[in-house]
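Engineer: Sharing data.txt (compact mmCIF, C-alpha atoms and all ligand atoms) below.
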```txt
# COMPACT_ATOMS: atom_id res chain seq x y z
CA MET A 1 146.98 111.78 61.37
CA GLN A 2 147.80 108.83 63.64
CA THR A 3 144.96 106.65 64.73
CA ARG A 4 144.20 105.03 68.08
CA GLU A 5 142.24 102.03 69.30
CA LEU A 6 139.51 103.25 71.59
CA GLY A 7 140.15 100.57 74.20
CA LEU A 8 140.20 96.80 73.65
CA ARG A 9 136.99 96.74 71.66
CA GLY A 10 137.79 99.66 69.38
CA PRO A 11 136.77 101.36 67.17
CA ASN A 12 139.95 102.64 65.53
CA VAL A 13 139.75 106.45 65.21
CA SER A 14 141.91 109.50 64.51
CA ALA A 15 143.96 110.41 67.60
CA VAL A 16 142.08 113.71 67.77
CA GLY A 17 138.36 113.72 66.99
CA LEU A 18 135.96 116.59 66.39
CA GLY A 19 133.31 117.54 68.94
CA CYS A 20 130.49 118.86 66.78
CA MET A 21 128.21 120.27 69.51
CA GLY A 22 129.35 123.90 69.26
CA ILE A 23 128.63 124.01 65.54
CA SER A 24 124.96 124.48 66.39
CA PHE A 25 124.48 124.34 70.17
CA GLY A 26 125.67 125.78 73.45
CA TYR A 27 128.07 128.52 72.49
CA ALA A 28 127.08 132.01 71.39
CA ASP A 29 128.80 131.75 67.97
CA LYS A 30 127.05 129.08 65.95
CA LEU A 31 127.48 128.15 62.30
CA SER A 32 124.86 127.93 59.57
CA LYS A 33 124.12 124.39 58.45
CA ASP A 34 126.16 124.83 55.27
CA ASP A 35 129.17 126.17 57.14
CA GLY A 36 128.91 123.36 59.70
CA VAL A 37 128.84 120.78 56.92
CA ALA A 38 131.85 122.44 55.28
CA LEU A 39 133.82 122.43 58.55
CA ILE A 40 133.17 118.73 59.19
CA ARG A 41 134.17 117.87 55.61
CA ALA A 42 137.34 119.95 55.99
CA ALA A 43 138.13 117.99 59.15
CA PHE A 44 137.75 114.70 57.28
CA GLU A 45 140.04 115.95 54.51
CA ARG A 46 142.65 116.65 57.19
CA GLY A 47 142.47 113.15 58.67
CA VAL A 48 139.75 113.39 61.33
CA THR A 49 137.65 110.22 61.36
CA PHE A 50 135.85 110.55 64.72
CA PHE A 51 132.85 112.87 65.04
CA ASP A 52 130.83 113.43 68.20
CA THR A 53 127.22 114.59 68.40
CA ALA A 54 124.09 113.94 70.51
CA GLU A 55 120.32 113.88 70.21
CA VAL A 56 120.08 116.73 72.73
CA TYR A 57 122.34 119.13 70.77
CA GLY A 58 119.59 121.24 69.27
CA PRO A 59 117.74 118.92 70.01
CA PHE A 60 118.13 117.11 66.70
CA GLU A 61 119.76 119.92 64.70
CA ASN A 62 123.37 118.87 65.32
CA GLU A 63 122.76 115.28 64.20
CA LEU A 64 121.26 116.62 60.97
CA VAL A 65 124.39 118.68 60.26
CA VAL A 66 126.69 115.76 61.04
CA GLY A 67 124.57 113.37 58.99
CA GLU A 68 124.64 115.57 55.92
CA ALA A 69 128.36 116.28 56.26
CA ILE A 70 129.49 112.67 56.42
CA ARG A 71 127.27 111.33 53.63
CA PRO A 72 130.07 111.28 50.98
CA PHE A 73 132.45 109.33 53.24
CA ARG A 74 130.19 107.60 55.74
CA ASP A 75 132.06 104.27 55.64
CA LYS A 76 135.38 105.92 56.46
CA VAL A 77 134.35 107.61 59.70
CA VAL A 78 133.14 106.74 63.17
CA ILE A 79 130.05 108.58 64.36
CA ALA A 80 129.25 108.81 68.04
CA THR A 81 125.91 110.05 69.32
CA LYS A 82 124.10 109.99 72.67
CA PHE A 83 120.64 109.42 74.11
CA GLY A 84 119.35 109.92 77.63
CA PHE A 85 117.57 113.25 77.98
CA ASP A 86 113.78 113.27 78.01
CA ILE A 87 113.24 114.54 74.49
CA ASP A 88 109.92 114.17 72.72
CA PRO A 89 110.76 111.98 69.70
CA ALA A 90 108.10 113.68 67.58
CA THR A 91 108.66 117.36 68.33
CA GLY A 92 112.18 117.50 69.72
CA GLU A 93 110.93 119.25 72.84
CA ASN A 94 113.34 118.76 75.73
CA ARG A 95 110.94 117.94 78.56
CA GLY A 96 113.67 118.21 81.20
CA GLY A 97 115.33 115.43 83.16
CA MET A 98 116.54 112.06 82.01
CA ASN A 99 114.78 109.22 80.23
CA SER A 100 116.57 105.93 79.61
CA ARG A 101 113.52 103.72 79.77
CA PRO A 102 114.00 100.95 77.18
CA GLU A 103 111.12 102.05 74.95
CA HIS A 104 112.42 105.64 74.94
CA VAL A 105 115.97 104.51 74.16
CA ARG A 106 114.71 102.52 71.18
CA GLN A 107 112.75 105.54 69.90
CA ALA A 108 115.74 107.84 70.39
CA VAL A 109 117.96 105.48 68.41
CA GLU A 110 115.47 105.33 65.52
CA GLY A 111 115.48 109.13 65.44
CA SER A 112 119.28 109.36 65.51
CA LEU A 113 119.62 106.79 62.73
CA ARG A 114 117.19 108.76 60.59
CA ARG A 115 118.77 112.17 61.22
CA LEU A 116 122.30 110.88 60.72
CA GLY A 117 121.20 108.99 57.60
CA VAL A 118 123.08 105.86 58.65
CA GLU A 119 122.14 102.22 59.12
CA THR A 120 124.26 101.78 62.22
CA ILE A 121 125.39 104.12 64.98
CA ASP A 122 129.08 103.36 65.44
CA LEU A 123 129.21 104.42 69.09
CA LEU A 124 126.12 105.07 71.16
CA TYR A 125 126.50 106.62 74.61
CA GLN A 126 124.04 107.06 77.42
CA HIS A 127 124.50 110.81 77.94
CA ARG A 128 123.77 110.80 81.67
CA VAL A 129 122.70 108.07 84.08
CA ASP A 130 118.93 107.93 84.62
CA PRO A 131 118.28 107.81 88.39
CA ASN A 132 115.06 105.89 87.77
CA VAL A 133 116.23 103.12 85.46
CA PRO A 134 118.59 100.28 86.43
CA ILE A 135 121.66 100.38 84.22
CA GLU A 136 121.16 96.66 83.52
CA ASP A 137 117.95 97.57 81.67
CA VAL A 138 119.73 100.25 79.65
CA ALA A 139 122.68 97.98 78.81
CA GLY A 140 120.29 95.15 77.92
CA THR A 141 118.40 97.44 75.56
CA VAL A 142 121.61 98.53 73.84
CA ARG A 143 122.76 94.89 73.67
CA ASP A 144 119.55 94.10 71.73
CA LEU A 145 120.12 97.10 69.42
CA ILE A 146 123.63 95.79 68.75
CA ALA A 147 122.21 92.34 67.95
CA GLN A 148 119.83 94.02 65.48
CA GLY A 149 122.73 95.82 63.79
CA LYS A 150 121.46 99.30 64.71
CA VAL A 151 124.39 100.06 67.01
CA LYS A 152 128.03 98.88 66.95
CA HIS A 153 129.53 100.02 70.25
CA PHE A 154 128.12 101.09 73.63
CA GLY A 155 129.46 103.91 75.79
CA LEU A 156 128.57 105.90 78.90
CA SER A 157 129.05 109.57 79.67
CA GLU A 158 129.74 110.68 83.26
CA PRO A 159 128.61 107.45 84.94
CA GLY A 160 129.26 106.56 88.55
CA VAL A 161 132.03 103.97 88.66
CA GLN A 162 129.83 101.14 89.95
CA THR A 163 127.29 101.89 87.23
CA LEU A 164 130.08 101.63 84.65
CA ARG A 165 131.10 98.23 85.99
CA ARG A 166 127.51 96.96 86.17
CA ALA A 167 126.76 98.10 82.62
CA HIS A 168 129.96 96.48 81.37
CA ALA A 169 128.88 93.15 82.87
CA VAL A 170 125.73 93.18 80.71
CA GLN A 171 127.09 94.72 77.49
CA PRO A 172 130.84 95.43 77.23
CA ILE A 173 131.51 99.16 77.16
CA ALA A 174 133.74 100.42 74.34
CA ALA A 175 134.28 103.95 75.68
CA VAL A 176 133.56 106.35 78.50
CA GLN A 177 133.11 110.01 77.58
CA ASN A 178 133.81 112.26 80.57
CA GLU A 179 135.12 115.75 81.06
CA TYR A 180 138.89 115.58 81.46
CA SER A 181 141.57 118.20 81.05
CA LEU A 182 144.34 119.86 82.99
CA TRP A 183 141.82 121.80 85.07
CA TRP A 184 139.43 118.86 85.65
CA ARG A 185 141.36 115.74 86.58
CA ALA A 186 138.73 113.84 88.60
CA PRO A 187 138.84 110.75 86.32
CA GLU A 188 142.36 110.12 87.66
CA THR A 189 141.10 109.81 91.23
CA ASN A 190 137.42 108.80 91.13
CA GLY A 191 138.00 105.25 89.86
CA ILE A 192 136.93 105.88 86.26
CA LEU A 193 140.34 105.69 84.57
CA GLU A 194 141.25 102.81 86.86
CA ALA A 195 138.15 100.92 85.65
CA CYS A 196 139.02 101.77 82.03
CA ASP A 197 142.55 100.39 82.54
CA GLU A 198 141.21 97.22 84.09
CA LEU A 199 138.33 96.56 81.70
CA GLY A 200 139.98 97.71 78.45
CA ILE A 201 137.56 100.61 77.97
CA GLY A 202 138.52 103.58 75.79
CA PHE A 203 138.32 107.12 77.20
CA VAL A 204 137.07 110.17 75.30
CA PRO A 205 137.76 113.43 77.13
CA TYR A 206 135.10 116.01 76.38
CA SER A 207 135.73 119.72 76.90
CA PRO A 208 139.44 118.86 76.50
CA LEU A 209 140.27 122.56 76.10
CA GLY A 210 138.34 123.45 79.24
CA LYS A 211 135.49 124.82 77.07
CA GLY A 212 138.03 127.11 75.44
CA PHE A 213 139.51 128.51 78.64
CA LEU A 214 142.79 126.57 78.50
CA THR A 215 143.63 127.96 75.06
CA GLY A 216 144.17 131.42 76.49
CA ALA A 217 141.88 132.88 73.83
CA LEU A 218 139.17 134.06 76.26
CA SER A 219 139.24 137.38 78.00
CA ASN A 220 137.82 137.39 81.52
CA LYS A 221 134.21 137.41 80.29
CA VAL A 222 132.21 135.01 78.13
CA PRO A 223 129.88 136.30 75.42
CA GLU A 224 126.17 136.81 76.13
CA GLY A 225 123.90 133.91 75.18
CA ASP A 226 126.71 131.48 75.88
CA PHE A 227 126.13 128.55 78.28
CA ARG A 228 129.45 129.19 80.01
CA ALA A 229 127.91 132.30 81.60
CA SER A 230 126.10 129.96 84.03
CA ILE A 231 129.23 128.02 85.00
CA PRO A 232 130.96 128.99 88.27
CA ARG A 233 134.40 128.42 86.74
CA PHE A 234 133.65 131.09 84.12
CA GLN A 235 132.63 133.88 86.47
CA PRO A 236 135.03 136.81 86.08
CA GLY A 237 136.72 136.37 89.49
CA ALA A 238 137.20 132.65 88.93
CA MET A 239 138.56 133.17 85.44
CA LYS A 240 141.14 135.54 86.84
CA LYS A 241 142.35 132.96 89.37
CA ASN A 242 142.23 130.10 86.87
CA GLN A 243 144.49 132.08 84.55
CA ALA A 244 147.37 130.25 86.29
CA PHE A 245 146.50 127.16 84.18
CA VAL A 246 146.80 129.19 81.00
CA ASP A 247 150.11 130.68 82.14
CA LEU A 248 151.49 127.18 82.73
CA LEU A 249 150.33 125.93 79.33
CA LYS A 250 151.73 129.04 77.63
CA ARG A 251 155.11 128.48 79.24
CA VAL A 252 155.33 124.85 78.10
CA ALA A 253 153.94 125.78 74.67
CA GLY A 254 156.70 128.38 74.31
CA GLU A 255 159.33 125.75 75.08
CA LYS A 256 157.85 123.30 72.57
CA GLY A 257 157.11 125.73 69.72
CA ALA A 258 153.43 124.80 70.10
CA THR A 259 150.27 126.61 71.24
CA PRO A 260 148.56 126.26 74.65
CA ALA A 261 145.63 124.42 73.01
CA GLN A 262 148.05 121.93 71.47
CA VAL A 263 149.82 121.33 74.77
CA ALA A 264 146.47 120.86 76.55
CA LEU A 265 145.51 118.18 73.99
CA ALA A 266 148.96 116.57 73.80
CA TRP A 267 148.92 116.30 77.60
CA LEU A 268 145.66 114.31 77.39
CA LEU A 269 147.04 112.09 74.60
CA ALA A 270 150.04 111.33 76.82
CA GLN A 271 147.92 110.11 79.74
CA ARG A 272 146.83 106.78 78.19
CA PRO A 273 147.22 105.20 74.71
CA TYR A 274 143.45 104.75 74.54
CA VAL A 275 142.55 108.41 75.22
CA VAL A 276 141.02 110.28 72.25
CA PRO A 277 140.05 113.91 72.90
CA ILE A 278 137.26 115.58 70.93
CA PRO A 279 137.94 119.35 70.93
CA GLY A 280 135.18 121.43 69.41
CA THR A 281 135.58 124.51 67.24
CA THR A 282 133.71 126.49 64.61
CA LYS A 283 136.90 127.73 62.93
CA LEU A 284 139.04 125.95 60.37
CA ARG A 285 142.33 127.48 61.54
CA ARG A 286 141.66 126.28 65.08
CA LEU A 287 140.65 122.87 63.83
CA GLU A 288 144.03 122.65 62.08
CA GLU A 289 145.76 123.85 65.24
CA ASN A 290 143.97 121.23 67.35
CA ILE A 291 144.74 118.42 64.92
CA GLY A 292 148.38 119.51 65.11
CA ALA A 293 148.41 118.45 68.76
CA ALA A 294 148.73 114.83 67.62
CA SER A 295 152.24 115.70 66.42
CA VAL A 296 153.34 117.45 69.62
CA GLU A 297 155.45 115.01 71.64
CA LEU A 298 155.62 115.79 75.30
CA THR A 299 158.68 114.24 76.94
CA ALA A 300 158.72 112.82 80.46
CA ALA A 301 160.37 116.10 81.53
CA ASP A 302 157.59 118.16 79.88
CA LEU A 303 154.91 116.06 81.58
CA ALA A 304 156.68 116.38 84.93
CA GLU A 305 156.88 120.15 84.45
CA ILE A 306 153.14 120.31 83.74
CA ASP A 307 152.30 118.07 86.70
CA GLU A 308 154.50 120.06 89.02
CA GLY A 309 153.09 123.39 87.85
CA ALA A 310 149.49 122.18 88.04
CA SER A 311 149.98 120.76 91.54
CA HIS A 312 150.26 124.35 92.83
CA ILE A 313 147.01 125.51 91.23
CA VAL A 314 143.62 124.97 92.83
CA PRO A 315 140.87 125.42 90.24
CA GLU A 316 138.37 128.08 91.26
CA GLY A 317 134.65 127.33 90.79
CA ASP A 318 132.73 124.21 89.83
CA ARG A 319 132.77 122.96 86.24
CA TYR A 320 128.97 123.12 85.98
CA ALA A 321 126.08 124.96 87.65
CA PRO A 322 124.48 122.96 90.52
CA ALA A 323 121.67 121.42 88.42
CA GLN A 324 124.17 119.97 85.93
CA MET A 325 126.58 118.93 88.68
CA ALA A 326 123.76 116.82 90.15
CA MET A 327 123.65 114.76 86.93
CA VAL A 328 127.29 113.66 86.80
CA GLY A 329 128.94 110.70 88.50
CA ARG A 330 125.56 109.32 89.47
CA GLU A 331 124.88 105.65 90.23
CA ALA A 332 121.85 104.01 88.64
CA PRO A 333 119.35 102.29 90.93
CA GLU A 334 119.75 98.58 91.64
CA LYS A 335 117.73 96.15 89.57
CA ILE A 336 115.21 94.40 91.74
CA ASN A 337 114.38 90.99 90.31
CA ALA A 338 110.70 90.20 90.62
N1 LIG A 401 129.28 114.06 77.06
C1 LIG A 401 129.00 115.28 77.45
O1 LIG A 401 128.24 115.49 78.40
C2 LIG A 401 129.61 116.45 76.74
C3 LIG A 401 129.61 117.72 77.33
C4 LIG A 401 130.20 118.78 76.64
C5 LIG A 401 130.79 118.55 75.41
N2 LIG A 401 130.78 117.30 74.84
C6 LIG A 401 131.40 117.03 73.53
O2 LIG A 401 132.76 117.46 73.58
C7 LIG A 401 133.02 118.37 72.51
C8 LIG A 401 134.03 119.43 72.94
O3 LIG A 401 133.69 120.00 74.18
P1 LIG A 401 133.40 121.54 74.45
O4 LIG A 401 132.92 122.24 73.22
O5 LIG A 401 132.56 121.58 75.67
O6 LIG A 401 134.80 122.13 74.90
P2 LIG A 401 136.26 122.32 74.27
O7 LIG A 401 136.45 121.47 73.09
O8 LIG A 401 137.15 122.16 75.43
O9 LIG A 401 136.27 123.86 73.87
C9 LIG A 401 135.52 124.39 72.82
C10 LIG A 401 135.69 125.90 72.85
O10 LIG A 401 137.05 126.22 72.63
C11 LIG A 401 137.20 127.10 71.53
N3 LIG A 401 138.40 126.62 70.82
C12 LIG A 401 138.56 125.42 70.20
N4 LIG A 401 139.81 125.29 69.71
C13 LIG A 401 140.45 126.44 70.01
C14 LIG A 401 141.77 126.90 69.78
N5 LIG A 401 142.67 126.15 69.15
N6 LIG A 401 142.10 128.15 70.23
C15 LIG A 401 141.18 128.91 70.90
N7 LIG A 401 139.92 128.52 71.15
C16 LIG A 401 139.57 127.29 70.71
C17 LIG A 401 135.92 126.99 70.75
O11 LIG A 401 135.57 128.23 70.17
P3 LIG A 401 135.53 128.47 68.56
O12 LIG A 401 134.38 127.71 68.04
O13 LIG A 401 135.36 129.94 68.48
O14 LIG A 401 136.84 127.99 68.06
C18 LIG A 401 134.90 126.65 71.84
O15 LIG A 401 134.43 127.83 72.45
C19 LIG A 401 131.64 118.95 72.17
O16 LIG A 401 131.60 119.42 70.86
C20 LIG A 401 130.74 117.76 72.37
O17 LIG A 401 130.74 116.94 71.22
C21 LIG A 401 130.20 116.26 75.51
```
Could you render the structure from this file as structure tokens?
Ligand SMILES: NC(=O)c1ccc[n+]([C@@H]2O[C@H](COP(=O)([O-])OP(=O)(O)OC[C@H]3O[C@@H](n4cnc5c(N)ncnc54)[C@H](OP(=O)(O)O)[C@@H]3O)[C@@H](O)[C@H]2O)c1

Structural biologist:
Amino acid sequence: MQTRELGLRGPNVSAVGLGCMGISFGYADKLSKDDGVALIRAAFERGVTFFDTAEVYGPFENELVVGEAIRPFRDKVVIATKFGFDIDPATGENRGGMNSRPEHVRQAVEGSLRRLGVETIDLLYQHRVDPNVPIEDVAGTVRDLIAQGKVKHFGLSEPGVQTLRRAHAVQPIAAVQNEYSLWWRAPETNGILEACDELGIGFVPYSPLGKGFLTGALSNKVPEGDFRASIPRFQPGAMKKNQAFVDLLKRVAGEKGATPAQVALAWLLAQRPYVVPIPGTTKLRRLEENIGAASVELTAADLAEIDEGASHIVPEGDRYAPAQMAMVGREAPEKINA
């Protein structure tokens, strides 16, 4: 598979990564630890070198699966994980809300290093901005962890654009990880991609398949016990209206001899040379399909057709329930110097 530089500061990673969350968290269909390990190893054998996890996925469980899976080839892959939720470092209890206080960040990193079984976290993101902690304090803490060799690169997930710029001034940001796909294009207009262009920051679209919706594989109902059941965009009426996105992707996929999932990913890859999507799956055949997107070339005419088609579709429903919506795009408080 081709590789890409994730912005000016790297790292160099496979053009399509693997989002590991769904292996053990979030979706109704989860894998056993052994099957999760096998899937991640199969991805590596097929050229994937970029794996995404987080402390909160479980909590802890997902990092353990990723850590075990990559042990035989640790030096050949880039592991990204995230801190930022208020998780008890001893018990793994998610106490609710955010916690990016420096002492908590340091504890979270120790836990991630241990669970992943690595000496350095290749890419460490703040998962969500903490409304109580100046981003300068967070970036300064990560800068110290980098100096100690515990972390290589710093990233942010769903920051407000000023917070991104302020963090970057303290510790250069390697990558932003935000939701981005044909049915959620806010990064194009909210200043985030503009800041990435300007500052040489890589961009990692999460939920690049619209949490599965854009593939066309979902009926108009999500399975019970699945987090999508709480998302406005996945209510039956909304799914029916949003089907127009799937129809568009199916049409272009038919013209290209590809699948809708591949066109959705190839469309993201075409947006910027530093964009690296991380689709998640629990199934090897879908993993192979998603990796195949790196070989789907969308021409200027294809991209224009997608843009034109999408310009007539208004997505129905928010991408998260209100409590989760309140956590995205937030600005951190100003640092008041004593
Ligand atoms: N930073 C953040 O706040 C944040 C938030 C969410 C996710 N993430 C990261 O981003 C990764 C991916 O995001 P995501 O899981 O939310 O969404 P996604 O990758 O857009 O979609 C995953 C869903 O699509 C299905 N799927 C995958 N490939 C498919 C294919 N070719 N055909 C049909 N269905 C397919 C999967 O089901 P099967 O398993 O059945 O294939 C799963 O239900 C996560 O694993 C996580 O690492 C980060």

Engineer: Name the residues in contact with Met327 of chain A at a cut-off of 10 Å, using all atoms listed in the file, excluding same-chain residues fewer than 5 positions from it; report them as a list in words.

Structural biologist: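 My list of contacting residues is Gly97, Met98, His127, Arg128, Val129, Asp130, Pro131, Glu158, Pro159, Tyr320 and Pro322 of chain A.
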
Engineer: Which one of A:Arg74, A:Arg233, A:Lys30, A:Arg185 sits closest to ligand LIG 401 (chain A) if you count all atoms listed in the file?

Structural biologist: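 Using all atoms listed in the file, ligand LIG 401 (chain A) sits closest to A:Lys30.
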
Engineer: Have a look at atom CA of Ala300 of chain A and atom CA of Glu188 of chain A and let me know their distance in Å, one decimal.

Structural biologist: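 It comes out at 18.1 Å.
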
Engineer: Would you pick out the contacts of Ala238 of chain A at 8 Å or less, using all atoms listed in the file, so that residues sharing its chain but fewer than 6 positions from it are not included, and give the list as a list in words?

Structural biologist: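 Counting only the stated atoms, we get Pro232, Glu316 and Gly317 of chain A.
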
Engineer: If I take atom CA of Lys283 of chain A and atom CA of Leu182 of chain A, how far is one from the other in Å, to one decimal?

Structural biologist: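 About the pair atom CA of Lys283 of chain A and atom CA of Leu182 of chain A: they are 22.8 Å apart.
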
Engineer: Tell me which protein, DNA and RNA residues are within 12 Å of Lys256 of chain A, counting all atoms listed in the file, leaving out same-chain ones fewer than 6 positions away, and put them as a list in words.

Structural biologist: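 Listed by chain and then number, they are Leu249, Lys250, Gln262, Val263, Ala266, Ala293, Ser295, Val296, Glu297, Leu298, Thr299, Ala301, Asp302 and Leu303 of chain A.
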
Engineer: Between A:Lys241, A:Ala253, A:Ile278, A:Arg106, which is the closest to Tyr180 of chain A once you count all atoms listed in the file?

Structural biologist: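 Ranking A:Lys241, A:Ala253, A:Ile278, A:Arg106 by distance to Tyr180 of chain A, first place goes to A:Ile278.
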
Engineer: Hey, could you pull the box centre and edge lengths for ligand LIG 401 (chain A), axis-aligned, 4 Å padding per side, all listed atoms, to one decimal in Å, as AutoDock Vina command-line options?

Structural biologist:
```
--center_x 135.5 --center_y 122.0 --center_z 73.2 --size_x 22.4 --size_y 23.9 --size_z 18.4
```

Engineer: Go through A:Gly212, A:Leu64, A:Thr53, A:Gly117 and flag the residue nearest Thr281 of chain A, using only C-alpha atoms for the distances.

Structural biologist: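 Counting only C-alpha atoms, the residue closest to Thr281 of chain A is A:Gly212.
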
Engineer: In terms of the shortest atom-to-atom distance over only C-alpha atoms, which of A:Ala175, A:Met239, A:Val109, A:Ile306 is closest to Leu145 of chain A?

Structural biologist: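 Ranking A:Ala175, A:Met239, A:Val109, A:Ile306 by distance to Leu145 of chain A, first place goes to A:Val109.
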
Engineer: Could you give me, as a PyMOL selection string, the residues that sit within 9 Å of (124.6, 95.0, 84.0) in the file's coordinates, counting all atoms listed in the file?

Structural biologist: chain A and resi 134-140+163-171+335

Engineer: Please report the interatomic distance between atom CA of Ile173 of chain A and atom O8 of ligand LIG 401 (chain A) in Å with one decimal.

Structural biologist: 23.7 Å

Engineer: Find, counting only C-alpha atoms, the residue in A:Pro223, A:Gly19, A:Pro315, A:Gly36 that gets nearest to Ala244 of chain A.

Structural biologist: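 Ranked by minimum distance to Ala244 of chain A, first place goes to A:Pro315.
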
Engineer: Env of Ala69 of chain A: 10 Å cut, atoms = only C-alpha atoms, seq-sep filter 3 positions within chain, self excluded. Answer as JSON, numbers by chain.

Structural biologist: {"A": [33, 34, 35, 36, 37, 38, 39, 40, 41, 42, 44, 63, 64, 65, 66, 72, 73, 74, 116]}

Engineer: Let me see the file: selected residues, C-alpha atoms, as a JSON list (two decimals), in the frame of the given file.

Structural biologist:
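That gives us part_18.json:
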```
[["chain", "number", "residue", "atom", "x", "y", "z"],
["A", 33, "LYS", "CA", 124.12, 124.39, 58.45],
["A", 34, "ASP", "CA", 126.16, 124.83, 55.27],
["A", 35, "ASP", "CA", 129.17, 126.17, 57.14],
["A", 36, "GLY", "CA", 128.91, 123.36, 59.70],
["A", 37, "VAL", "CA", 128.84, 120.78, 56.92],
["A", 38, "ALA", "CA", 131.85, 122.44, 55.28],
["A", 39, "LEU", "CA", 133.82, 122.43, 58.55],
["A", 40, "ILE", "CA", 133.17, 118.73, 59.19],
["A", 41, "ARG", "CA", 134.17, 117.87, 55.61],
["A", 42, "ALA", "CA", 137.34, 119.95, 55.99],
["A", 44, "PHE", "CA", 137.75, 114.70, 57.28],
["A", 63, "GLU", "CA", 122.76, 115.28, 64.20],
["A", 64, "LEU", "CA", 121.26, 116.62, 60.97],
["A", 65, "VAL", "CA", 124.39, 118.68, 60.26],
["A", 66, "VAL", "CA", 126.69, 115.76, 61.04],
["A", 72, "PRO", "CA", 130.07, 111.28, 50.98],
["A", 73, "PHE", "CA", 132.45, 109.33, 53.24],
["A", 74, "ARG", "CA", 130.19, 107.60, 55.74],
["A", 116, "LEU", "CA", 122.30, 110.88, 60.72]]
```

Engineer: Could you check the closest approach to ligand LIG 401 (chain A) for each of A:Val222, A:Leu123, A:Ala270, A:Ala217 and tell me which residue wins, using all atoms listed in the file?

Structural biologist: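 Answer, going by the shortest atom-to-atom distance: A:Ala217.
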
Engineer: What's the 10 Å shell around Ile146 of chain A, counting all atoms listed in the file, without same-chain residues fewer than 5 positions away, as a VMD selection string?

Structural biologist: chain A and resid 120 to 122 124 140 to 141 151 to 154 171
